[in-house]
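So this block is model-v6.txt, compact mmCIF, C-alpha atoms:
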```
# COMPACT_ATOMS: atom_id res chain seq x y z
CA MET A 1456 60.38 60.02 139.08
CA GLU A 1457 60.51 59.38 135.34
CA PRO A 1458 63.62 57.73 133.87
CA TRP A 1459 64.57 60.79 131.84
CA GLU A 1460 64.58 63.01 134.90
CA GLU A 1461 67.89 63.39 136.65
CA GLU A 1462 68.31 63.54 140.36
CA GLU A 1463 69.44 66.89 141.64
CA GLY A 1464 73.02 66.46 142.68
CA PRO A 1465 76.19 68.46 143.03
CA GLU A 1466 77.22 70.10 139.72
CA VAL A 1467 80.00 68.20 137.98
CA VAL A 1468 82.53 70.63 136.60
CA LYS A 1469 84.94 69.20 134.06
CA ARG A 1470 88.12 70.74 132.75
CA PHE A 1471 87.77 71.45 129.02
CA MET A 1472 90.72 72.53 126.89
CA TYR A 1473 90.37 73.82 123.31
CA VAL A 1474 93.58 73.59 121.29
CA ASN A 1475 93.76 75.92 118.27
CA ARG A 1476 96.39 74.99 115.69
CA ARG A 1477 95.12 76.55 112.45
CA ALA A 1478 95.55 79.96 110.84
CA PRO A 1479 92.37 82.01 110.31
CA TYR A 1480 90.64 82.48 106.90
CA GLY A 1481 92.55 79.80 104.94
CA THR A 1482 90.27 77.15 106.45
CA ILE A 1483 87.07 77.29 108.55
CA TYR A 1484 88.61 75.54 111.60
CA ALA A 1485 89.57 78.69 113.52
CA LEU A 1486 86.15 80.34 113.28
CA GLU A 1487 84.31 77.09 114.08
CA CYS A 1488 86.46 76.44 117.15
CA LEU A 1489 85.87 79.96 118.45
CA GLU A 1490 82.12 79.43 118.15
CA VAL A 1491 82.36 76.11 119.99
CA VAL A 1492 84.33 77.75 122.82
CA LEU A 1493 81.75 80.53 123.21
CA ILE A 1494 78.88 78.04 123.26
CA ALA A 1495 80.67 75.75 125.72
CA ALA A 1496 81.47 78.69 127.99
CA ALA A 1497 77.74 79.08 128.66
CA PHE A 1498 77.72 75.71 130.47
CA ASP A 1499 79.80 76.84 133.45
CA GLN A 1500 82.63 74.41 132.93
CA ASP A 1501 86.32 75.01 133.59
CA VAL A 1502 87.44 76.18 130.13
CA SER A 1503 90.95 76.86 128.88
CA VAL A 1504 91.88 77.91 125.36
CA VAL A 1505 95.32 77.21 123.92
CA PHE A 1506 96.92 78.63 120.79
CA VAL A 1507 99.85 76.74 119.30
CA ASP A 1508 101.46 76.40 115.86
CA ASP A 1509 99.60 78.45 113.20
CA GLY A 1510 96.76 78.91 115.72
CA ILE A 1511 98.61 81.91 117.17
CA TYR A 1512 97.93 83.77 113.90
CA GLN A 1513 94.24 83.85 114.90
CA LEU A 1514 95.13 86.40 117.59
CA LYS A 1515 97.26 88.72 115.42
CA LYS A 1516 96.00 92.27 115.96
CA ASP A 1517 95.03 94.74 113.20
CA GLN A 1518 93.38 92.18 110.92
CA ASP A 1519 91.54 93.90 108.05
CA THR A 1520 89.54 91.59 105.82
CA THR A 1521 87.85 94.21 103.64
CA GLY A 1522 90.08 93.22 100.71
CA ILE A 1523 89.21 89.51 100.78
CA GLY A 1524 85.46 89.77 101.36
CA MET A 1525 85.40 87.59 104.50
CA LYS A 1526 84.15 88.37 107.99
CA ASN A 1527 86.86 89.62 110.35
CA PHE A 1528 86.16 87.51 113.44
CA SER A 1529 89.35 88.43 115.31
CA LYS A 1530 87.53 90.98 117.51
CA THR A 1531 85.29 88.18 118.81
CA TYR A 1532 88.24 86.85 120.83
CA ARG A 1533 87.77 89.91 123.06
CA ALA A 1534 84.39 88.43 124.07
CA LEU A 1535 86.10 85.46 125.73
CA ASP A 1536 86.64 87.63 128.80
CA ASP A 1537 82.90 88.49 128.94
CA TYR A 1538 82.16 84.76 128.95
CA ASP A 1539 84.55 84.32 131.89
CA VAL A 1540 87.04 82.40 129.76
CA GLU A 1541 90.17 83.66 131.45
CA LYS A 1542 92.63 80.81 130.94
CA ILE A 1543 94.10 81.68 127.56
CA TYR A 1544 97.50 80.24 126.80
CA VAL A 1545 99.87 80.85 123.88
CA GLU A 1546 102.89 78.63 123.38
CA LYS A 1547 106.13 80.61 123.43
CA GLU A 1548 107.88 78.37 120.92
CA SER A 1549 105.13 78.95 118.34
CA LEU A 1550 105.45 82.73 118.74
CA ASP A 1551 109.24 82.61 118.45
CA GLN A 1552 109.18 80.45 115.33
CA ARG A 1553 106.91 82.97 113.59
CA GLY A 1554 108.75 86.10 114.78
CA LEU A 1555 105.80 87.33 116.87
CA THR A 1556 105.48 88.41 120.52
CA ALA A 1557 102.58 88.89 122.97
CA ASP A 1558 102.50 92.58 121.90
CA ASP A 1559 101.32 91.46 118.45
CA LEU A 1560 98.16 89.87 119.86
CA ILE A 1561 94.64 91.32 120.09
CA ILE A 1562 93.98 90.09 123.66
CA ALA A 1563 96.01 89.58 126.83
CA VAL A 1564 97.26 86.01 127.05
CA GLU A 1565 99.57 83.95 129.18
CA VAL A 1566 102.65 83.03 127.15
CA VAL A 1567 103.76 79.58 128.28
CA ALA A 1568 106.78 77.50 127.30
CA ALA A 1569 105.98 74.06 125.92
CA GLN A 1570 107.57 72.46 128.94
CA ASN A 1571 104.97 74.13 131.22
CA LEU A 1572 102.08 73.77 128.78
CA ARG A 1573 102.53 69.99 129.02
CA GLY A 1574 101.48 70.03 132.66
CA ILE A 1575 98.42 72.22 132.02
CA MET A 1576 97.34 69.97 129.15
CA ALA A 1577 97.79 66.84 131.24
CA GLN A 1578 95.35 68.13 133.87
CA GLN A 1579 92.37 68.27 131.50
CA ASP A 1580 89.32 66.00 131.46
CA VAL A 1581 88.47 66.79 127.83
CA VAL A 1582 90.73 68.15 125.07
CA ILE A 1583 89.29 69.31 121.76
CA SER A 1584 91.75 70.17 119.01
CA SER A 1585 91.24 71.95 115.71
CA MET B 1072 111.23 78.55 76.81
CA SER B 1073 108.01 79.00 78.76
CA THR B 1074 107.83 81.01 81.96
CA MET B 1075 106.09 79.66 85.04
CA LEU B 1076 104.15 81.29 87.86
CA HIS B 1077 104.12 79.23 91.05
CA LEU B 1078 101.16 79.78 93.41
CA ILE B 1079 101.49 78.93 97.11
CA ASN B 1080 98.39 79.13 99.34
CA LYS B 1081 99.51 77.11 102.39
CA SER B 1082 101.39 78.23 105.50
CA PRO B 1083 105.05 77.15 105.43
CA PHE B 1084 104.64 75.93 109.02
CA ASP B 1085 101.65 73.72 108.20
CA ARG B 1086 102.56 72.18 104.83
CA ASN B 1087 105.70 71.62 102.79
CA ALA B 1088 104.27 73.13 99.57
CA LEU B 1089 106.61 76.12 99.71
CA ASP B 1090 109.67 73.95 100.40
CA SER B 1091 108.84 71.72 97.44
CA CYS B 1092 108.27 74.73 95.21
CA LEU B 1093 111.57 76.33 96.25
CA ARG B 1094 113.34 73.03 95.54
CA LEU B 1095 111.78 72.50 92.11
CA ALA B 1096 111.18 75.96 90.64
CA LYS B 1097 113.53 76.70 87.73
CA ALA B 1098 115.63 79.88 87.84
CA GLY B 1099 113.76 82.80 86.29
CA SER B 1100 110.34 81.59 87.53
CA SER B 1101 107.99 83.67 89.66
CA VAL B 1102 106.41 82.73 92.99
CA LEU B 1103 103.19 84.36 94.23
CA LEU B 1104 102.15 83.80 97.86
CA ILE B 1105 98.38 83.95 98.50
CA GLU B 1106 95.96 83.04 101.34
CA ASP B 1107 97.84 81.29 104.19
CA GLY B 1108 100.94 81.25 101.97
CA VAL B 1109 101.53 84.93 102.76
CA TYR B 1110 102.96 84.05 106.19
CA ALA B 1111 106.12 82.95 104.35
CA ALA B 1112 106.75 86.56 103.25
CA LEU B 1113 107.52 87.71 106.82
CA SER B 1114 111.21 88.45 107.29
CA LYS B 1115 111.25 87.46 110.98
CA ALA B 1116 109.62 84.04 110.54
CA GLU B 1117 111.87 80.98 110.56
CA SER B 1118 110.71 80.16 107.02
CA ALA B 1119 112.46 83.30 105.70
CA LYS B 1120 115.84 81.60 105.33
CA ALA B 1121 114.65 79.08 102.73
CA VAL B 1122 113.00 81.87 100.73
CA GLY B 1123 116.16 84.00 101.00
CA ASN B 1124 118.20 81.21 99.44
CA ARG B 1125 116.21 81.56 96.19
CA MET B 1126 115.89 85.36 96.25
CA ASP B 1127 118.56 85.80 93.55
CA ASP B 1128 117.11 83.55 90.88
CA LEU B 1129 113.34 83.64 91.51
CA THR B 1130 110.98 86.64 91.60
CA PHE B 1131 108.69 86.78 94.64
CA TYR B 1132 105.25 88.38 94.92
CA VAL B 1133 102.69 88.42 97.74
CA LEU B 1134 98.97 89.22 97.56
CA GLY B 1135 98.31 92.43 99.55
CA PRO B 1136 94.67 91.82 100.53
CA ASP B 1137 95.67 88.49 102.14
CA VAL B 1138 98.50 90.23 104.04
CA SER B 1139 96.09 92.87 105.41
CA ALA B 1140 93.41 90.32 106.28
CA ARG B 1141 95.89 88.50 108.51
CA GLY B 1142 96.97 91.70 110.28
CA LEU B 1143 100.50 91.62 108.84
CA ASP B 1144 100.72 95.17 107.46
CA ASP B 1145 102.94 96.21 110.40
CA LYS B 1146 105.34 93.28 109.98
CA PRO B 1147 108.41 93.63 107.75
CA LEU B 1148 108.44 91.52 104.60
CA ILE B 1149 111.54 89.86 103.20
CA ASP B 1150 113.54 92.34 101.07
CA GLY B 1151 112.75 91.92 97.40
CA PHE B 1152 109.08 90.93 97.73
CA THR B 1153 106.62 92.83 95.54
CA VAL B 1154 103.10 93.32 96.96
CA VAL B 1155 100.36 92.98 94.32
CA ASP B 1156 96.56 93.42 94.41
CA TYR B 1157 94.01 91.22 92.62
CA GLY B 1158 94.61 93.13 89.37
CA GLY B 1159 98.32 92.41 89.71
CA PHE B 1160 97.50 88.73 90.33
CA VAL B 1161 95.65 88.64 87.00
CA ASP B 1162 98.53 90.42 85.25
CA LEU B 1163 101.01 87.82 86.57
CA VAL B 1164 98.85 84.96 85.31
CA VAL B 1165 98.63 86.59 81.87
CA GLU B 1166 102.37 87.41 81.71
CA HIS B 1167 103.45 83.82 82.42
CA ASP B 1168 102.86 80.90 80.07
CA VAL B 1169 101.97 78.45 82.82
CA ALA B 1170 100.51 78.85 86.33
CA GLN B 1171 101.16 76.05 88.76
CA SER B 1172 99.20 75.80 92.03
CA TRP B 1173 101.07 73.91 94.74
CA LEU B 1174 98.11 72.40 96.58
```
Can the structure from this file be put into structure tokens for me?
Amino acid sequence: MEPWEEEEGPEVVKRFMYVNRRAPYGTIYALECLEVVLIAAAFDQDVSVVFVDDGIYQLKKDQDTTGIGMKNFSKTYRALDDYDVEKIYVEKESLDQRGLTADDLIIAVEVVAAQNLRGIMAQQDVVISS
Amino acid sequence: MSTMLHLINKSPFDRNALDSCLRLAKAGSSVLLIEDGVYAALSKAESAKAVGNRMDDLTFYVLGPDVSARGLDDKPLIDGFTVVDYGGFVDLVVEHDVAQSWL
């Protein structure tokens, strides 16, 4: 066996969490993170996606970017389900602070209080924030 | 005396640009919210109180295309805000002597 060949072994599945904290369109972070999540989802890992702070604005429904000449990528969040990304959390405190509720969002999410989100975050092997 | 147009393009939850502007803008000035700054125009956001405190002596505008892009057309804006388009943005810049961008 050559050194670059790996032995066949049991698949190692790690818990990956992507933490979105930025509003869409004002910076490129939100779009880039969404692309990373979709790519990573192809590797059959345990993926969760979290939206906190201004990150919750990424999921606001009825976005219409025709007036600003940028691509409306909000509908792409609906593809997360097709990629079997089903653990999608939104922090309740972030929604409250901005006067939004789960009904304002483009996809179904689990609204979680910070106190409970702590535990979910602490279970992860890898956390990527943007 | 010269008139000033203050431009805010950052979310009030992410940066303190709006707070600094509200603290330092002279009575009679205008404030235009653009890009991520438009989130501060929402009446139900916690940032609305600070804006409300200057509603009587400043004139507030928000850029409509940035409101629509962020899906906020169905959300109530703070009473007294005027929505402008890009043409209105240009008019505001021309009407004021100085434009200050709070980066």
What's the 10 Å shell around region 1135-1145 of chain B, counting only C-alpha atoms, without same-chain residues fewer than 6 positions away, as a compact mmCIF listing (two decimals) with C-alpha atoms, in the coordinates of the input?
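The new file out.txt reads:
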```
# COMPACT_ATOMS: atom_id res chain seq x y z
CA ALA A 1478 95.55 79.96 110.84
CA PRO A 1479 92.37 82.01 110.31
CA TYR A 1480 90.64 82.48 106.90
CA GLY A 1481 92.55 79.80 104.94
CA TYR A 1512 97.93 83.77 113.90
CA GLN A 1513 94.24 83.85 114.90
CA LEU A 1514 95.13 86.40 117.59
CA LYS A 1515 97.26 88.72 115.42
CA LYS A 1516 96.00 92.27 115.96
CA ASP A 1517 95.03 94.74 113.20
CA GLN A 1518 93.38 92.18 110.92
CA ASP A 1519 91.54 93.90 108.05
CA THR A 1520 89.54 91.59 105.82
CA THR A 1521 87.85 94.21 103.64
CA GLY A 1522 90.08 93.22 100.71
CA ILE A 1523 89.21 89.51 100.78
CA GLY A 1524 85.46 89.77 101.36
CA MET A 1525 85.40 87.59 104.50
CA LYS A 1526 84.15 88.37 107.99
CA ASN A 1527 86.86 89.62 110.35
CA SER A 1529 89.35 88.43 115.31
CA ASP A 1559 101.32 91.46 118.45
CA LEU A 1560 98.16 89.87 119.86
CA LEU B 1104 102.15 83.80 97.86
CA ILE B 1105 98.38 83.95 98.50
CA GLU B 1106 95.96 83.04 101.34
CA ASP B 1107 97.84 81.29 104.19
CA GLY B 1108 100.94 81.25 101.97
CA VAL B 1109 101.53 84.93 102.76
CA TYR B 1110 102.96 84.05 106.19
CA ALA B 1112 106.75 86.56 103.25
CA LEU B 1113 107.52 87.71 106.82
CA THR B 1153 106.62 92.83 95.54
CA VAL B 1154 103.10 93.32 96.96
CA VAL B 1155 100.36 92.98 94.32
CA ASP B 1156 96.56 93.42 94.41
CA TYR B 1157 94.01 91.22 92.62
CA GLY B 1159 98.32 92.41 89.71
CA PHE B 1160 97.50 88.73 90.33
```
Quiz item: Which neighbours of Ile1079 (chain B) fall inside 8 Å, counting only C-alpha atoms, when residues of the same chain fewer than 5 positions from it are skipped, and could you give them as a list in words?
Solution: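 My list of contacting residues is Ala1088, Leu1089, Val1102, Leu1103, Leu1104, Ile1105, Gly1108, Ser1172, Trp1173 and Leu1174 of chain B.
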Just write the chosen residues, C-alpha atoms, as a PDB file, in the coordinates of the input.
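The file below, result-v9.pdb, is the result:
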```pdb
ATOM      1  CA  ALA B1088     104.270  73.130  99.570  1.00  0.00           C
ATOM      2  CA  LEU B1089     106.610  76.120  99.710  1.00  0.00           C
ATOM      3  CA  VAL B1102     106.410  82.730  92.990  1.00  0.00           C
ATOM      4  CA  LEU B1103     103.190  84.360  94.230  1.00  0.00           C
ATOM      5  CA  LEU B1104     102.150  83.800  97.860  1.00  0.00           C
ATOM      6  CA  ILE B1105      98.380  83.950  98.500  1.00  0.00           C
ATOM      7  CA  GLY B1108     100.940  81.250 101.970  1.00  0.00           C
ATOM      8  CA  SER B1172      99.200  75.800  92.030  1.00  0.00           C
ATOM      9  CA  TRP B1173     101.070  73.910  94.740  1.00  0.00           C
ATOM     10  CA  LEU B1174      98.110  72.400  96.580  1.00  0.00           C
TER      11      LEU B1174
END
```
Exercise. Using all atoms listed in the file, determine which residues lie at most 7 Å from region 1568-1570 of chain A, disregarding the query and same-chain residues fewer than 2 positions distant; provide the list as a list in words.
Key: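 Contacts, with the query itself left out: Glu1546, Lys1547, Glu1548, Val1566, Leu1572 and Arg1573 of chain A.
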Set out as a Markdown table a contact list for region 1462-1517 of chain A and region 1531-1540 of chain A with a cut-off of 12 Å, giving each residue of region 1462-1517 of chain A that qualifies its closest atom pair and distance in Å to one decimal, counting all atoms listed in the file, ordered by chain and rising residue number.
```
| residue | atom | partner | partner_atom | distance |
| --- | --- | --- | --- | --- |
| A:Phe1471 | CA | A:Val1540 | CA | 11.0 |
| A:Met1472 | CA | A:Val1540 | CA | 10.9 |
| A:Tyr1473 | CA | A:Val1540 | CA | 11.2 |
| A:Ala1485 | CA | A:Tyr1532 | CA | 11.0 |
| A:Leu1486 | CA | A:Thr1531 | CA | 9.6 |
| A:Cys1488 | CA | A:Tyr1532 | CA | 11.2 |
| A:Leu1489 | CA | A:Tyr1532 | CA | 7.7 |
| A:Glu1490 | CA | A:Thr1531 | CA | 9.3 |
| A:Val1491 | CA | A:Leu1535 | CA | 11.6 |
| A:Val1492 | CA | A:Leu1535 | CA | 8.4 |
| A:Leu1493 | CA | A:Leu1535 | CA | 7.0 |
| A:Ile1494 | CA | A:Tyr1538 | CA | 9.4 |
| A:Ala1495 | CA | A:Tyr1538 | CA | 9.7 |
| A:Ala1496 | CA | A:Tyr1538 | CA | 6.2 |
| A:Ala1497 | CA | A:Tyr1538 | CA | 7.2 |
| A:Phe1498 | CA | A:Tyr1538 | CA | 10.2 |
| A:Asp1499 | CA | A:Asp1539 | CA | 9.0 |
| A:Gln1500 | CA | A:Val1540 | CA | 9.7 |
| A:Asp1501 | CA | A:Val1540 | CA | 8.4 |
| A:Val1502 | CA | A:Val1540 | CA | 6.2 |
| A:Ser1503 | CA | A:Val1540 | CA | 6.8 |
| A:Val1504 | CA | A:Val1540 | CA | 7.9 |
| A:Val1505 | CA | A:Val1540 | CA | 11.4 |
| A:Phe1506 | CA | A:Tyr1532 | CA | 12.0 |
| A:Gln1513 | CA | A:Tyr1532 | CA | 9.0 |
| A:Leu1514 | CA | A:Tyr1532 | CA | 7.6 |
| A:Lys1515 | CA | A:Tyr1532 | CA | 10.7 |
| A:Lys1516 | CA | A:Tyr1532 | CA | 10.6 |
```
Would you mind exporting the chosen residues as a PDB file, in the coordinates of the input, restricted to C-alpha atoms?
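Final file, out_9.pdb:
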```pdb
ATOM      1  CA  PHE A1471      87.770  71.450 129.020  1.00  0.00           C
ATOM      2  CA  MET A1472      90.720  72.530 126.890  1.00  0.00           C
ATOM      3  CA  TYR A1473      90.370  73.820 123.310  1.00  0.00           C
ATOM      4  CA  ALA A1485      89.570  78.690 113.520  1.00  0.00           C
ATOM      5  CA  LEU A1486      86.150  80.340 113.280  1.00  0.00           C
ATOM      6  CA  CYS A1488      86.460  76.440 117.150  1.00  0.00           C
ATOM      7  CA  LEU A1489      85.870  79.960 118.450  1.00  0.00           C
ATOM      8  CA  GLU A1490      82.120  79.430 118.150  1.00  0.00           C
ATOM      9  CA  VAL A1491      82.360  76.110 119.990  1.00  0.00           C
ATOM     10  CA  VAL A1492      84.330  77.750 122.820  1.00  0.00           C
ATOM     11  CA  LEU A1493      81.750  80.530 123.210  1.00  0.00           C
ATOM     12  CA  ILE A1494      78.880  78.040 123.260  1.00  0.00           C
ATOM     13  CA  ALA A1495      80.670  75.750 125.720  1.00  0.00           C
ATOM     14  CA  ALA A1496      81.470  78.690 127.990  1.00  0.00           C
ATOM     15  CA  ALA A1497      77.740  79.080 128.660  1.00  0.00           C
ATOM     16  CA  PHE A1498      77.720  75.710 130.470  1.00  0.00           C
ATOM     17  CA  ASP A1499      79.800  76.840 133.450  1.00  0.00           C
ATOM     18  CA  GLN A1500      82.630  74.410 132.930  1.00  0.00           C
ATOM     19  CA  ASP A1501      86.320  75.010 133.590  1.00  0.00           C
ATOM     20  CA  VAL A1502      87.440  76.180 130.130  1.00  0.00           C
ATOM     21  CA  SER A1503      90.950  76.860 128.880  1.00  0.00           C
ATOM     22  CA  VAL A1504      91.880  77.910 125.360  1.00  0.00           C
ATOM     23  CA  VAL A1505      95.320  77.210 123.920  1.00  0.00           C
ATOM     24  CA  PHE A1506      96.920  78.630 120.790  1.00  0.00           C
ATOM     25  CA  GLN A1513      94.240  83.850 114.900  1.00  0.00           C
ATOM     26  CA  LEU A1514      95.130  86.400 117.590  1.00  0.00           C
ATOM     27  CA  LYS A1515      97.260  88.720 115.420  1.00  0.00           C
ATOM     28  CA  LYS A1516      96.000  92.270 115.960  1.00  0.00           C
TER      29      LYS A1516
END
```
Quiz item: Between B:Ser1073, B:Ser1100, B:Ser1118, B:Ser1091, which has the minimum distance to chain A (counting only C-alpha atoms)?
Solution: B:Ser1118
Self-check item: Residue among A:Glu1457, A:Ile1511, A:Leu1555, A:Val1468 lying closest to chain B, counting all atoms listed in the file
Solution: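 Between A:Glu1457, A:Ile1511, A:Leu1555, A:Val1468, the residue approaching chain B most closely is A:Leu1555.
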Quiz prompt | Option closest in space to chain A, from B:Thr1074, B:Asn1087, B:Ser1114, B:Asn1124 [counting only C-alpha atoms] | solution = B:Ser1114
Quiz item: CA of Gly1123 (chain B) and CA of Ala1096 (chain B), how far apart in Å?
Solution: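 A separation of 14.0 Å between them.
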Self-check item: Option closest in space to chain A, from B:His1077, B:Lys1120, B:Arg1086, B:Lys1115 [counting all atoms listed in the file]
Solution: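 Looking only at the distances to chain A, the closest residue turns out to be B:Lys1115.
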Practice problem: Work out how far apart CA of Glu1541 (chain A) and CA of Val1564 (chain A) are and give it in Å to one decimal. | Solution: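 Here the two named atoms are 8.7 Å from each other.
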Quiz item: Using only C-alpha atoms, which residue out of B:Ala1119, B:Ser1082, B:Val1169, B:Leu1076 lies closest to Thr1482 (chain A)?
Solution: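 With only C-alpha atoms as the atom set, the closest residue is B:Ser1082.
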Practice problem: Work out how far CA of Gly1510 (chain A) is from CA of Leu1093 (chain B), in Å to one decimal. | Solution: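 Going from CA of Leu1093 (chain B) over to CA of Gly1510 (chain A) covers 24.6 Å.
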